[in-house]
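Let me begin by presenting the structure, written as C-alpha cells, before commenting on it.
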Amino acid sequence: MLTEETINLINQSCEKQHSQEFESLAEKLTQEGIDVKTLLGQLEKFQIAVPSWALGAGGTRFGRFTFGGAPRTLLEKIEDVGLLHALTKNSNAISLHIPWDIPNDIQEIKEAAIAQQLRFDAVNSNTFQDQVNQKHSYKYGSLSHVDKAVREQAIAHNKEVVQIGESLGSKSITIWLADGSNFPGQNNFQKALYRTQDSLQVITKSMPKDWRLFIEYKPYEPNFYSTVIQDWGTSFLLANACGPKAFTLVDLGHHLPNTNIEQIVATLLMQGKLGGFHFNDSKYGDDDLTVGSIQPYKLFLIFNELVYGMATNKNNPPLAWMIDASHNTKDPLEDLLQSIDAILESFAKALLIDQKALHQAQQYNDVVMCQELLQNAFKTDVRPLIREMRLRKGGALDALQVYRETKQRQIRIQQRGANALSSGL
Ligand SMILES: [Mn+2]
C-alpha cells in the first residue's frame with residue numbers, strides 16, 4: 001500500500017516550484033475578488049466515483065489487449081480505487097456493477113472500503129447480457145421485452161441490485177438499457193416505451209424512500225436502428241413518470257455528434273431532474289476516451305452550466321459524478337488519473353467565471369464580453385489550485401509522477417500476474 005510518507009517524500013522534489021506557482025495564482029485571483037480559500041474548499045469537496053469496470057482493459061469488439069495486474073476480485077478493485085483516492089483525494093467512491101461485482105462477504109467488502117476511505121456510489125444493473133443459468137434471454141430486450149416473463153426477470157434483477165447496494169450503503173441505482181431494435185419494423189416504438197415505463201415504475205416503487213433511480217439514455221449501440229431510451233427527452237419523460245425518486249443521467253458519450261450537451265444540462269437542472277453524470281470524451285460516438293482528451297472546452301462549457309445550476313436550482317438534488325471510460329491503449333489507472341485531473345480542472349475553471357459580470361453582459365447583449373468572460377476563465381491555468389488542495393490533504397502534487405515512481409503497475413503485475421483479467425466485458 002502506498003503510504004502518505006512516500007507521497008510526501010516525492011512531493012518534496014517539486015514543492016518549491018509549486019509554492020511559487022500557487023502564490024502567484026492566488027495573488028492574481030485575490031486581486032480579481034476571488035476567495036481562494038473557498039475555491040480550495042469547493043475543489044476538496046468534489047468527489048468522483050470510479051466504476052469497477054474501468055480498472056481493467058476495456059477492449060473493443062475486435063479484441064482486448066492486457067495491461068497486466070488487472071484487479072481480479074472486488075477487493076482488488078477497491079484497492080485500486082483506494083490508490084487513486086490516496087493520490088488525488090478526489091475519488092472517494094466506487095461504483096459497482098452487478099453481477100460482475102457481487103460481494104460474497106458484505107462485511108469484508110465494507111471494511112475494505114472503509115480502510116481505503118471509500119464509499120459505495122450508485123450500483124449498476126446489467127440486462128444487456130445473458131448470465132449463466134438465466135431462464136430468459138435478453139436478446140430482444142429486457143425491461144421493454146414483449147414477453148412479460150422476461151420483463152419480470154429483468155425487474156427482479158434490478159430489485160436484487162438495489163438490495164445488494166443497500167447492504168453496502170449505496171443510495172442509488174443507474175439503469176442503462178440496451179433495449180432497442182436493429183431493423184425498422186422490429187419494434188412497436190409506442191408499446192416498447194410504454195412497457196419500459198411500466199417496468200421502471202415497478203422498480204422505483206420498490207426502492208427505499210431515500211434511494212434515487214438514474215435513467216441513462218443513448219441514441220444507438222448495441223442496437224443500431226432504434227434505442228428505447230434514445231435521448232434526454234425520453235429519459236426525462238420516464239423520470240417524470242416514475243416520480244420524485246427518478247432522475248435523468250447524462251453520459252457525455254451518449255449523444256449524436258455536435259449535440260449541445262451543456263444546454264441539456266441546463267434544462268434538466270432547471271427542472272430539478274438531473275441525477276448524475278458519466279464523464280468521458282469522444283471524437284465520433286461513445287468512444288469512452290479519457291475525460292478532456294478531445295474537447296476540453298466543451299467540458300468546461302458543461303461545467304459552466306453545472307456550476308450555475310448547482311447554485312441556482314436548489315430543487316435539484318446533489319449530483320452523482322462518475323467516470324465512465326474504457327481503456328484500450330493506456331494503463332487504466334493512469335487514464336483515470338488523467339480523467340480525474342481533467343474534471344477537476346474544468347470544474348475549477350468554471351468556478352472562476354465571474355457570474356455577476358456574465359449576467360450583466362448578457363443583459364446588455366454584449367456578446368463579445370460574454371465570450372471574453374468565459375474564455376478568461378478557461379485560459380487560466382488552475383493546476384496550482386488543485387495541487388495545493390491535494391498537498392494540504394496529504395495527496396500527491398503530481399499524481400501520475402508518484403504512480404510511476406512508486407511502480408504501482410509493476411507491483412500489481414507481480415502480485416496479480418501479467419495475464420490477470422478483470423471481471424466485466
Ligand atoms: Mn455510462
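How things are named: the first chain in the C-alpha cells is A, the next is B, and so on; residues count from 1 in each chain; ligands count from 1 in the order shown.
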Around ligand 1, which protein and nucleic acid residues have at least one atom no more than 9 Å from it, if we count only C-alpha atoms and all ligand atoms? List them as a CSV table (one decimal) with C-alpha atoms, in the first residue's frame.
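Saved the output as result36.csv:
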```
chain,number,residue,atom,x,y,z
A,174,THR,CA,-28.2,3.5,-12.5
A,176,TRP,CA,-28.8,1.8,-18.8
A,216,GLU,CA,-29.3,6.8,-18.6
A,217,TYR,CA,-30.0,7.3,-22.3
A,218,LYS,CA,-28.1,6.6,-25.5
A,249,LEU,CA,-28.4,10.7,-16.1
A,250,VAL,CA,-26.2,12.3,-18.7
A,251,ASP,CA,-23.3,10.3,-20.1
A,252,LEU,CA,-21.1,12.6,-22.2
A,253,GLY,CA,-20.6,9.9,-24.9
A,254,HIS,CA,-24.2,9.1,-25.3
A,277,PHE,CA,-23.1,12.4,-14.8
A,278,HIS,CA,-20.9,9.9,-16.6
A,279,PHE,CA,-17.7,11.6,-17.7
A,280,ASN,CA,-15.6,10.5,-20.8
A,288,ASP,CA,-15.2,6.3,-23.9
A,322,MET,CA,-18.7,9.2,-12.2
A,323,ILE,CA,-16.1,8.5,-14.8
A,324,ASP,CA,-17.4,6.0,-17.4
A,325,ALA,CA,-14.5,5.2,-19.6
```
Please report, as JSON lines, each residue of range 326-360 of chain A lying at most 12 Å from range 366-390 of chain A, together with the nearest pair of atoms and the separation in Å rounded to one decimal; use only C-alpha atoms, and order rows by chain and ascending residue number.
```
{"residue": "A:Ile340", "atom": "CA", "partner": "A:Ile386", "partner_atom": "CA", "distance": 10.8}
{"residue": "A:Asp341", "atom": "CA", "partner": "A:Ile386", "partner_atom": "CA", "distance": 8.3}
{"residue": "A:Ala342", "atom": "CA", "partner": "A:Arg383", "partner_atom": "CA", "distance": 9.8}
{"residue": "A:Ile343", "atom": "CA", "partner": "A:Ile386", "partner_atom": "CA", "distance": 10.9}
{"residue": "A:Leu344", "atom": "CA", "partner": "A:Ile386", "partner_atom": "CA", "distance": 7.3}
{"residue": "A:Glu345", "atom": "CA", "partner": "A:Val382", "partner_atom": "CA", "distance": 6.3}
{"residue": "A:Ser346", "atom": "CA", "partner": "A:Phe378", "partner_atom": "CA", "distance": 7.9}
{"residue": "A:Phe347", "atom": "CA", "partner": "A:Val382", "partner_atom": "CA", "distance": 9.7}
{"residue": "A:Ala348", "atom": "CA", "partner": "A:Val382", "partner_atom": "CA", "distance": 6.6}
{"residue": "A:Lys349", "atom": "CA", "partner": "A:Ala377", "partner_atom": "CA", "distance": 5.4}
{"residue": "A:Ala350", "atom": "CA", "partner": "A:Ala377", "partner_atom": "CA", "distance": 6.8}
{"residue": "A:Leu351", "atom": "CA", "partner": "A:Ala377", "partner_atom": "CA", "distance": 8.2}
{"residue": "A:Leu352", "atom": "CA", "partner": "A:Ala377", "partner_atom": "CA", "distance": 5.5}
{"residue": "A:Ile353", "atom": "CA", "partner": "A:Ala377", "partner_atom": "CA", "distance": 5.5}
{"residue": "A:Asp354", "atom": "CA", "partner": "A:Leu373", "partner_atom": "CA", "distance": 6.8}
{"residue": "A:Gln355", "atom": "CA", "partner": "A:Leu373", "partner_atom": "CA", "distance": 8.8}
{"residue": "A:Lys356", "atom": "CA", "partner": "A:Leu373", "partner_atom": "CA", "distance": 10.3}
{"residue": "A:Ala357", "atom": "CA", "partner": "A:Leu373", "partner_atom": "CA", "distance": 7.7}
{"residue": "A:Leu358", "atom": "CA", "partner": "A:Cys370", "partner_atom": "CA", "distance": 5.8}
{"residue": "A:His359", "atom": "CA", "partner": "A:Cys370", "partner_atom": "CA", "distance": 8.5}
{"residue": "A:Gln360", "atom": "CA", "partner": "A:Asp366", "partner_atom": "CA", "distance": 8.5}
```
### Query
If you count only C-alpha atoms, which residues fall within 12 Å of Phe67 in chain A, apart from same-chain ones fewer than 2 positions away, as number ranges by chain?
A: 55-59, 64-65, 69-71, 327-334, 409-410, 412-413, 416-422
Print the selection's residues with N, CA and C atoms to a file, as a PDB file, in the first residue's frame.
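Saved the output as again_34.pdb:
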```pdb
ATOM      1  N   LEU A  55     -11.291  -0.372 -14.345  1.00  0.00           N
ATOM      2  CA  LEU A  55      -9.968  -0.614 -13.757  1.00  0.00           C
ATOM      3  C   LEU A  55      -9.132  -1.609 -14.558  1.00  0.00           C
ATOM      4  N   GLY A  56      -9.788  -2.321 -15.459  1.00  0.00           N
ATOM      5  CA  GLY A  56      -9.066  -3.275 -16.288  1.00  0.00           C
ATOM      6  C   GLY A  56      -9.094  -2.839 -17.741  1.00  0.00           C
ATOM      7  N   ALA A  57      -8.505  -3.652 -18.598  1.00  0.00           N
ATOM      8  CA  ALA A  57      -8.505  -3.340 -20.020  1.00  0.00           C
ATOM      9  C   ALA A  57      -9.935  -3.404 -20.556  1.00  0.00           C
ATOM     10  N   GLY A  58     -10.330  -2.398 -21.314  1.00  0.00           N
ATOM     11  CA  GLY A  58     -11.680  -2.374 -21.856  1.00  0.00           C
ATOM     12  C   GLY A  58     -11.787  -3.189 -23.127  1.00  0.00           C
ATOM     13  N   GLY A  59     -10.951  -2.855 -24.076  1.00  0.00           N
ATOM     14  CA  GLY A  59     -11.006  -3.558 -25.349  1.00  0.00           C
ATOM     15  C   GLY A  59     -12.148  -3.090 -26.220  1.00  0.00           C
ATOM     16  N   ARG A  64      -9.017  -7.443 -27.136  1.00  0.00           N
ATOM     17  CA  ARG A  64      -8.641  -6.792 -25.886  1.00  0.00           C
ATOM     18  C   ARG A  64      -7.168  -7.047 -25.629  1.00  0.00           C
ATOM     19  N   PHE A  65      -6.433  -5.991 -25.303  1.00  0.00           N
ATOM     20  CA  PHE A  65      -5.004  -6.130 -25.019  1.00  0.00           C
ATOM     21  C   PHE A  65      -4.784  -5.923 -23.526  1.00  0.00           C
ATOM     22  N   GLY A  69      -1.678  -7.152 -14.338  1.00  0.00           N
ATOM     23  CA  GLY A  69      -2.003  -6.695 -12.994  1.00  0.00           C
ATOM     24  C   GLY A  69      -3.411  -6.152 -12.824  1.00  0.00           C
ATOM     25  N   ALA A  70      -4.327  -6.553 -13.704  1.00  0.00           N
ATOM     26  CA  ALA A  70      -5.713  -6.096 -13.552  1.00  0.00           C
ATOM     27  C   ALA A  70      -6.313  -6.683 -12.278  1.00  0.00           C
ATOM     28  N   PRO A  71      -7.221  -5.929 -11.630  1.00  0.00           N
ATOM     29  CA  PRO A  71      -7.825  -6.444 -10.394  1.00  0.00           C
ATOM     30  C   PRO A  71      -8.735  -7.641 -10.683  1.00  0.00           C
ATOM     31  N   HIS A 327     -10.534   1.597 -21.433  1.00  0.00           N
ATOM     32  CA  HIS A 327      -9.120   1.838 -21.730  1.00  0.00           C
ATOM     33  C   HIS A 327      -8.545   0.767 -22.636  1.00  0.00           C
ATOM     34  N   ASN A 328      -8.163   1.186 -23.818  1.00  0.00           N
ATOM     35  CA  ASN A 328      -7.640   0.226 -24.780  1.00  0.00           C
ATOM     36  C   ASN A 328      -6.137   0.342 -24.978  1.00  0.00           C
ATOM     37  N   THR A 329      -5.623   1.557 -24.842  1.00  0.00           N
ATOM     38  CA  THR A 329      -4.189   1.732 -25.104  1.00  0.00           C
ATOM     39  C   THR A 329      -3.409   2.274 -23.914  1.00  0.00           C
ATOM     40  N   LYS A 330      -4.116   2.822 -22.927  1.00  0.00           N
ATOM     41  CA  LYS A 330      -3.420   3.381 -21.764  1.00  0.00           C
ATOM     42  C   LYS A 330      -3.576   2.465 -20.565  1.00  0.00           C
ATOM     43  N   ASP A 331      -2.616   2.542 -19.646  1.00  0.00           N
ATOM     44  CA  ASP A 331      -2.767   1.901 -18.343  1.00  0.00           C
ATOM     45  C   ASP A 331      -4.051   2.494 -17.734  1.00  0.00           C
ATOM     46  N   PRO A 332      -5.042   1.647 -17.394  1.00  0.00           N
ATOM     47  CA  PRO A 332      -6.325   2.163 -16.893  1.00  0.00           C
ATOM     48  C   PRO A 332      -6.176   3.133 -15.713  1.00  0.00           C
ATOM     49  N   LEU A 333      -5.271   2.858 -14.803  1.00  0.00           N
ATOM     50  CA  LEU A 333      -5.144   3.729 -13.631  1.00  0.00           C
ATOM     51  C   LEU A 333      -4.546   5.083 -14.025  1.00  0.00           C
ATOM     52  N   GLU A 334      -3.621   5.070 -14.972  1.00  0.00           N
ATOM     53  CA  GLU A 334      -3.051   6.341 -15.437  1.00  0.00           C
ATOM     54  C   GLU A 334      -4.121   7.141 -16.175  1.00  0.00           C
ATOM     55  N   ARG A 409       2.070  -0.081 -11.246  1.00  0.00           N
ATOM     56  CA  ARG A 409       1.656  -1.117 -12.218  1.00  0.00           C
ATOM     57  C   ARG A 409       2.523  -2.369 -12.063  1.00  0.00           C
ATOM     58  N   GLN A 410       3.849  -2.149 -11.914  1.00  0.00           N
ATOM     59  CA  GLN A 410       4.758  -3.295 -11.770  1.00  0.00           C
ATOM     60  C   GLN A 410       4.422  -4.120 -10.525  1.00  0.00           C
ATOM     61  N   ARG A 412       1.537  -4.423  -9.180  1.00  0.00           N
ATOM     62  CA  ARG A 412       0.303  -5.166  -9.461  1.00  0.00           C
ATOM     63  C   ARG A 412       0.559  -6.367 -10.374  1.00  0.00           C
ATOM     64  N   ILE A 413       1.444  -6.185 -11.322  1.00  0.00           N
ATOM     65  CA  ILE A 413       1.757  -7.315 -12.216  1.00  0.00           C
ATOM     66  C   ILE A 413       2.403  -8.438 -11.403  1.00  0.00           C
ATOM     67  N   ARG A 416      -0.549  -9.826  -9.011  1.00  0.00           N
ATOM     68  CA  ARG A 416      -1.755 -10.387  -9.632  1.00  0.00           C
ATOM     69  C   ARG A 416      -1.474 -11.161 -10.924  1.00  0.00           C
ATOM     70  N   GLY A 417      -0.281 -10.975 -11.442  1.00  0.00           N
ATOM     71  CA  GLY A 417       0.088 -11.694 -12.660  1.00  0.00           C
ATOM     72  C   GLY A 417      -0.055 -10.846 -13.900  1.00  0.00           C
ATOM     73  N   ALA A 418       0.750 -11.176 -14.917  1.00  0.00           N
ATOM     74  CA  ALA A 418       0.764 -10.412 -16.171  1.00  0.00           C
ATOM     75  C   ALA A 418      -0.503 -10.636 -16.965  1.00  0.00           C
ATOM     76  N   ASN A 419      -1.157 -11.761 -16.739  1.00  0.00           N
ATOM     77  CA  ASN A 419      -2.361 -12.068 -17.526  1.00  0.00           C
ATOM     78  C   ASN A 419      -3.649 -11.973 -16.722  1.00  0.00           C
ATOM     79  N   ALA A 420      -3.559 -11.321 -15.568  1.00  0.00           N
ATOM     80  CA  ALA A 420      -4.759 -11.197 -14.718  1.00  0.00           C
ATOM     81  C   ALA A 420      -5.857 -10.500 -15.505  1.00  0.00           C
ATOM     82  N   LEU A 421      -7.068 -11.030 -15.377  1.00  0.00           N
ATOM     83  CA  LEU A 421      -8.201 -10.446 -16.096  1.00  0.00           C
ATOM     84  C   LEU A 421      -9.215  -9.901 -15.112  1.00  0.00           C
ATOM     85  N   SER A 422      -9.751  -8.757 -15.455  1.00  0.00           N
ATOM     86  CA  SER A 422     -10.758  -8.161 -14.605  1.00  0.00           C
ATOM     87  C   SER A 422     -12.135  -8.661 -15.040  1.00  0.00           C
TER      88      SER A 422
END
```
### Nearby residues (only C-alpha atoms) at most 9 Å from Ile261 in chain A, same-chain spacing under 5 positions excluded, as a PyMOL selection string
chain A and resi 250+252+255+266+298+301-302
Go ahead and write the selection's residues with C-alpha atoms as a PDB file, in the first residue's frame.
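selection-v1.pdb was written with the following content:
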```
ATOM      1  CA  VAL A 250     -26.160  12.285 -18.673  1.00  0.00           C
ATOM      2  CA  LEU A 252     -21.142  12.576 -22.218  1.00  0.00           C
ATOM      3  CA  HIS A 255     -25.079  11.854 -27.813  1.00  0.00           C
ATOM      4  CA  ALA A 266     -29.192  23.466 -18.068  1.00  0.00           C
ATOM      5  CA  LYS A 298     -16.847  21.538 -24.313  1.00  0.00           C
ATOM      6  CA  LEU A 301     -18.929  24.797 -21.001  1.00  0.00           C
ATOM      7  CA  ILE A 302     -20.813  21.907 -19.421  1.00  0.00           C
TER       8      ILE A 302
END
```
To test your reading of the structure, identify every residue in range 224-395 of chain A that backbone DSSP assigns to helix (DSSP H, G or I), and report it as a compact mmCIF listing (two decimals) with N, CA and C atoms, in the first residue's frame.
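As a result, out-v7.txt now contains:
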```
# COMPACT_ATOMS: atom_id res chain seq x y z
N TRP A 232 -32.26 12.51 -23.99
CA TRP A 232 -32.58 13.05 -22.67
C TRP A 232 -34.07 13.28 -22.51
N GLY A 233 -34.74 13.61 -23.60
CA GLY A 233 -36.18 13.86 -23.53
C GLY A 233 -36.93 12.61 -23.11
N THR A 234 -36.55 11.48 -23.68
CA THR A 234 -37.20 10.22 -23.33
C THR A 234 -36.89 9.85 -21.88
N SER A 235 -35.64 10.04 -21.49
CA SER A 235 -35.26 9.74 -20.11
C SER A 235 -36.03 10.65 -19.14
N PHE A 236 -36.13 11.91 -19.49
CA PHE A 236 -36.83 12.90 -18.66
C PHE A 236 -38.31 12.53 -18.52
N LEU A 237 -38.89 12.13 -19.64
CA LEU A 237 -40.29 11.70 -19.64
C LEU A 237 -40.49 10.51 -18.70
N LEU A 238 -39.56 9.54 -18.77
CA LEU A 238 -39.66 8.36 -17.91
C LEU A 238 -39.43 8.73 -16.45
N ALA A 239 -38.46 9.61 -16.21
CA ALA A 239 -38.16 10.03 -14.84
C ALA A 239 -39.39 10.72 -14.24
N ASN A 240 -40.06 11.51 -15.02
CA ASN A 240 -41.28 12.16 -14.54
C ASN A 240 -42.37 11.13 -14.24
N ALA A 241 -42.47 10.14 -15.13
CA ALA A 241 -43.49 9.11 -14.93
C ALA A 241 -43.21 8.26 -13.69
N CYS A 242 -41.92 8.18 -13.30
CA CYS A 242 -41.55 7.37 -12.13
C CYS A 242 -41.59 8.17 -10.83
N ILE A 261 -24.63 19.57 -25.32
CA ILE A 261 -24.87 18.88 -24.05
C ILE A 261 -25.06 19.87 -22.91
N GLU A 262 -24.33 21.00 -22.97
CA GLU A 262 -24.46 21.97 -21.88
C GLU A 262 -25.89 22.52 -21.78
N GLN A 263 -26.56 22.59 -22.92
CA GLN A 263 -27.94 23.08 -22.89
C GLN A 263 -28.88 22.04 -22.28
N ILE A 264 -28.59 20.77 -22.56
CA ILE A 264 -29.37 19.68 -21.95
C ILE A 264 -29.23 19.74 -20.43
N VAL A 265 -27.98 19.93 -20.00
CA VAL A 265 -27.68 20.02 -18.56
C VAL A 265 -28.48 21.15 -17.92
N ALA A 266 -28.48 22.30 -18.60
CA ALA A 266 -29.19 23.47 -18.07
C ALA A 266 -30.69 23.18 -17.94
N THR A 267 -31.26 22.58 -18.96
CA THR A 267 -32.70 22.29 -18.94
C THR A 267 -33.05 21.33 -17.82
N LEU A 268 -32.27 20.26 -17.70
CA LEU A 268 -32.56 19.26 -16.66
C LEU A 268 -32.41 19.85 -15.26
N LEU A 269 -31.39 20.69 -15.07
CA LEU A 269 -31.20 21.32 -13.76
C LEU A 269 -32.38 22.23 -13.43
N MET A 270 -32.83 22.96 -14.44
CA MET A 270 -33.97 23.86 -14.23
C MET A 270 -35.21 23.07 -13.79
N PRO A 296 -11.73 19.62 -24.42
CA PRO A 296 -11.75 20.20 -23.07
C PRO A 296 -12.62 21.45 -22.95
N TYR A 297 -12.76 22.21 -24.04
CA TYR A 297 -13.59 23.42 -23.94
C TYR A 297 -15.07 23.07 -23.77
N LYS A 298 -15.46 22.00 -24.44
CA LYS A 298 -16.85 21.54 -24.31
C LYS A 298 -17.13 21.12 -22.85
N LEU A 299 -16.16 20.43 -22.27
CA LEU A 299 -16.31 20.00 -20.87
C LEU A 299 -16.45 21.23 -19.96
N PHE A 300 -15.64 22.24 -20.25
CA PHE A 300 -15.69 23.48 -19.47
C PHE A 300 -17.06 24.15 -19.58
N LEU A 301 -17.62 24.17 -20.79
CA LEU A 301 -18.93 24.80 -21.00
C LEU A 301 -20.02 24.03 -20.25
N ILE A 302 -19.87 22.73 -20.19
CA ILE A 302 -20.81 21.91 -19.42
C ILE A 302 -20.69 22.26 -17.94
N PHE A 303 -19.46 22.39 -17.48
CA PHE A 303 -19.26 22.75 -16.07
C PHE A 303 -19.77 24.15 -15.76
N ASN A 304 -19.71 25.03 -16.73
CA ASN A 304 -20.26 26.36 -16.53
C ASN A 304 -21.75 26.25 -16.18
N GLU A 305 -22.47 25.41 -16.92
CA GLU A 305 -23.90 25.22 -16.64
C GLU A 305 -24.11 24.49 -15.31
N LEU A 306 -23.23 23.57 -15.02
CA LEU A 306 -23.35 22.82 -13.76
C LEU A 306 -23.15 23.74 -12.56
N VAL A 307 -22.11 24.57 -12.64
CA VAL A 307 -21.82 25.48 -11.53
C VAL A 307 -22.99 26.46 -11.34
N TYR A 308 -23.48 27.01 -12.45
CA TYR A 308 -24.62 27.93 -12.36
C TYR A 308 -25.85 27.21 -11.81
N GLY A 309 -26.10 26.02 -12.35
CA GLY A 309 -27.30 25.27 -11.96
C GLY A 309 -27.25 24.79 -10.52
N MET A 310 -26.08 24.35 -10.07
CA MET A 310 -25.98 23.85 -8.69
C MET A 310 -26.21 24.98 -7.69
N ALA A 311 -25.83 26.20 -8.09
CA ALA A 311 -26.03 27.34 -7.20
C ALA A 311 -27.46 27.87 -7.30
N THR A 312 -28.07 27.73 -8.46
CA THR A 312 -29.37 28.36 -8.72
C THR A 312 -30.55 27.44 -8.47
N PRO A 332 -5.04 1.65 -17.39
CA PRO A 332 -6.32 2.16 -16.89
C PRO A 332 -6.18 3.13 -15.71
N LEU A 333 -5.27 2.86 -14.80
CA LEU A 333 -5.14 3.73 -13.63
C LEU A 333 -4.55 5.08 -14.02
N GLU A 334 -3.62 5.07 -14.97
CA GLU A 334 -3.05 6.34 -15.44
C GLU A 334 -4.12 7.14 -16.18
N ASP A 335 -4.91 6.44 -16.97
CA ASP A 335 -6.01 7.08 -17.70
C ASP A 335 -6.99 7.72 -16.73
N LEU A 336 -7.31 7.00 -15.65
CA LEU A 336 -8.25 7.53 -14.66
C LEU A 336 -7.66 8.74 -13.93
N LEU A 337 -6.37 8.70 -13.66
CA LEU A 337 -5.73 9.87 -13.02
C LEU A 337 -5.85 11.09 -13.93
N GLN A 338 -5.63 10.88 -15.22
CA GLN A 338 -5.77 12.00 -16.17
C GLN A 338 -7.22 12.50 -16.21
N SER A 339 -8.16 11.56 -16.15
CA SER A 339 -9.58 11.94 -16.19
C SER A 339 -9.98 12.73 -14.95
N ILE A 340 -9.53 12.27 -13.80
CA ILE A 340 -9.86 12.97 -12.55
C ILE A 340 -9.32 14.40 -12.62
N ASP A 341 -8.08 14.55 -13.10
CA ASP A 341 -7.49 15.89 -13.22
C ASP A 341 -8.29 16.76 -14.19
N ALA A 342 -8.68 16.18 -15.32
CA ALA A 342 -9.41 16.96 -16.32
C ALA A 342 -10.74 17.46 -15.75
N ILE A 343 -11.41 16.62 -14.98
CA ILE A 343 -12.70 17.01 -14.38
C ILE A 343 -12.48 18.15 -13.39
N LEU A 344 -11.49 17.96 -12.52
CA LEU A 344 -11.20 18.99 -11.51
C LEU A 344 -10.81 20.32 -12.15
N GLU A 345 -10.02 20.24 -13.21
CA GLU A 345 -9.59 21.46 -13.89
C GLU A 345 -10.78 22.20 -14.50
N SER A 346 -11.67 21.46 -15.15
CA SER A 346 -12.84 22.09 -15.76
C SER A 346 -13.73 22.71 -14.70
N PHE A 347 -13.90 21.99 -13.61
CA PHE A 347 -14.72 22.49 -12.50
C PHE A 347 -14.10 23.78 -11.95
N ALA A 348 -12.79 23.74 -11.69
CA ALA A 348 -12.11 24.90 -11.12
C ALA A 348 -12.23 26.10 -12.06
N LYS A 349 -12.05 25.87 -13.35
CA LYS A 349 -12.15 26.97 -14.32
C LYS A 349 -13.57 27.56 -14.34
N ALA A 350 -14.56 26.67 -14.27
CA ALA A 350 -15.94 27.15 -14.27
C ALA A 350 -16.23 27.98 -13.02
N LEU A 351 -15.59 27.61 -11.92
CA LEU A 351 -15.78 28.37 -10.68
C LEU A 351 -15.19 29.78 -10.79
N LEU A 352 -14.23 29.95 -11.70
CA LEU A 352 -13.59 31.26 -11.85
C LEU A 352 -14.43 32.25 -12.66
N GLN A 355 -19.74 35.30 -12.55
CA GLN A 355 -21.16 35.11 -12.89
C GLN A 355 -21.93 36.42 -12.93
N LYS A 356 -21.55 37.34 -12.04
CA LYS A 356 -22.24 38.62 -11.99
C LYS A 356 -21.98 39.42 -13.27
N ALA A 357 -20.72 39.46 -13.64
CA ALA A 357 -20.35 40.20 -14.86
C ALA A 357 -20.97 39.54 -16.09
N LEU A 358 -21.01 38.20 -16.07
CA LEU A 358 -21.59 37.47 -17.21
C LEU A 358 -23.08 37.80 -17.33
N HIS A 359 -23.74 37.81 -16.20
CA HIS A 359 -25.18 38.13 -16.19
C HIS A 359 -25.41 39.52 -16.77
N GLN A 360 -24.56 40.44 -16.34
CA GLN A 360 -24.70 41.82 -16.81
C GLN A 360 -24.45 41.91 -18.32
N ALA A 361 -23.41 41.25 -18.77
CA ALA A 361 -23.08 41.26 -20.20
C ALA A 361 -24.23 40.65 -21.01
N GLN A 362 -24.85 39.62 -20.45
CA GLN A 362 -25.99 39.00 -21.13
C GLN A 362 -27.17 39.97 -21.20
N GLN A 363 -27.37 40.70 -20.09
CA GLN A 363 -28.48 41.66 -20.05
C GLN A 363 -28.32 42.75 -21.10
N VAL A 367 -22.22 40.54 -26.51
CA VAL A 367 -21.81 39.19 -26.90
C VAL A 367 -20.30 39.00 -26.78
N VAL A 368 -19.56 40.04 -27.15
CA VAL A 368 -18.10 39.96 -27.08
C VAL A 368 -17.66 39.75 -25.63
N MET A 369 -18.24 40.53 -24.73
CA MET A 369 -17.84 40.41 -23.32
C MET A 369 -18.23 39.04 -22.75
N CYS A 370 -19.36 38.52 -23.17
CA CYS A 370 -19.78 37.18 -22.71
C CYS A 370 -18.69 36.16 -23.03
N GLN A 371 -18.22 36.22 -24.26
CA GLN A 371 -17.17 35.28 -24.66
C GLN A 371 -15.87 35.53 -23.90
N GLU A 372 -15.52 36.81 -23.74
CA GLU A 372 -14.30 37.15 -23.00
C GLU A 372 -14.35 36.57 -21.59
N LEU A 373 -15.48 36.73 -20.94
CA LEU A 373 -15.61 36.27 -19.55
C LEU A 373 -15.43 34.76 -19.46
N LEU A 374 -16.04 34.04 -20.38
CA LEU A 374 -15.90 32.58 -20.37
C LEU A 374 -14.46 32.18 -20.67
N GLN A 375 -13.89 32.80 -21.69
CA GLN A 375 -12.56 32.35 -22.11
C GLN A 375 -11.44 32.82 -21.18
N ASN A 376 -11.66 33.94 -20.49
CA ASN A 376 -10.67 34.34 -19.48
C ASN A 376 -10.53 33.24 -18.43
N ALA A 377 -11.68 32.72 -18.03
CA ALA A 377 -11.66 31.65 -17.03
C ALA A 377 -11.05 30.38 -17.62
N PHE A 378 -11.45 30.06 -18.83
CA PHE A 378 -10.97 28.82 -19.45
C PHE A 378 -9.45 28.84 -19.66
N ARG A 383 -4.10 24.52 -12.46
CA ARG A 383 -3.46 23.35 -11.86
C ARG A 383 -2.82 23.62 -10.50
N PRO A 384 -2.20 24.81 -10.29
CA PRO A 384 -1.64 25.06 -8.95
C PRO A 384 -2.68 24.98 -7.84
N LEU A 385 -3.93 25.36 -8.15
CA LEU A 385 -5.00 25.30 -7.14
C LEU A 385 -5.28 23.85 -6.74
N ILE A 386 -5.36 23.00 -7.75
CA ILE A 386 -5.66 21.59 -7.49
C ILE A 386 -4.50 20.95 -6.73
N ARG A 387 -3.28 21.28 -7.13
CA ARG A 387 -2.10 20.74 -6.43
C ARG A 387 -2.08 21.19 -4.97
N GLU A 388 -2.40 22.45 -4.76
CA GLU A 388 -2.38 22.99 -3.40
C GLU A 388 -3.41 22.26 -2.52
N MET A 389 -4.61 22.06 -3.08
CA MET A 389 -5.65 21.36 -2.33
C MET A 389 -5.15 19.96 -1.96
N ARG A 390 -4.53 19.28 -2.90
CA ARG A 390 -4.05 17.91 -2.64
C ARG A 390 -2.91 17.89 -1.64
N LEU A 391 -2.03 18.86 -1.75
CA LEU A 391 -0.91 18.95 -0.82
C LEU A 391 -1.42 19.07 0.61
N ARG A 392 -2.41 19.95 0.80
CA ARG A 392 -2.97 20.17 2.13
C ARG A 392 -3.69 18.93 2.66
N LYS A 393 -4.21 18.11 1.75
CA LYS A 393 -4.95 16.91 2.16
C LYS A 393 -4.06 15.67 2.27
```
### Best match for closeness to Lys89 in chain A among A:Gln47, A:Ser19, A:Gln129, A:Gln31, counting only C-alpha atoms
A:Gln47
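Nearest residue to Ile106 in chain A, choosing from A:Gln163, A:Ser206, A:Thr227, A:Thr30 and counting only C-alpha atoms: A:Gln163.
Among the candidates A:Gly272, A:Pro184, A:Pro244, A:Gly68, the residue lying nearest to Gln415 in chain A is A:Gly68 (atoms considered: only C-alpha atoms).
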